[in-house]
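Engineer: Below: one structure in structure tokens.
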Amino acid sequence: MKLLTHNMLTSHVQGVIKGYPLIIKATEVKVNELEFSAPFVSRMIPKLEWSALIQAAEWLGQSQDLPAHTLIPDYEKDEEFLRKVHRILLEVEVVEGCLQCPESGREFPISKGVPNMLLIEDE
């Protein structure tokens, strides 16, 4: 599971109000280099919950010295910044582990890079 995917996932357990961001408990993480695309990363940044992305990267020890709370001005023109965001969003992958709902504590397994967000009937 890439952190781009994680940034868009939320818990849908009954009674949970926000269920976001899901806590990452990784047992296996890998980093795969991918071709860098500045336009793609620039278009994705406004769609992200920035603080959740930074928190997820920190959980995985991959923070890349990015600003914790706010974006830098004119980030679209800063290739070094975009490369760091690219690495976090697309190259860091949780292969095994689980995601935990911050409200209910419910854990969702991650196996072979795929999070299983299915609920049991009574959830």
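Each chain of the structure tokens is named A, B, ... in the order shown, its residues numbered from 1; ligands are numbered from 1 in display order.
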What's the 6 Å shell around region 87-102 of chain A, counting only C-alpha atoms, without same-chain residues fewer than 6 positions away, as a PyMOL selection string?
Structural biologist: chain A and resi 1-4+11+19+22-33+108-113
Engineer: Neighbouring residues of region 41-49 of chain A were defined as those with any atom within 12 Å, considering only C-alpha atoms; residues of the same chain fewer than 4 positions away were excluded. Please report them as a ChimeraX atom specification.
Structural biologist: /A:3-10,20-21,35-37,53-56,68-72,74-90
Engineer: Just list the residues in chain A DSSP gives strand (DSSP E) on the backbone, as a PyMOL selection string.
Structural biologist: chain A and resi 23-31+92-100+107-111+114-115
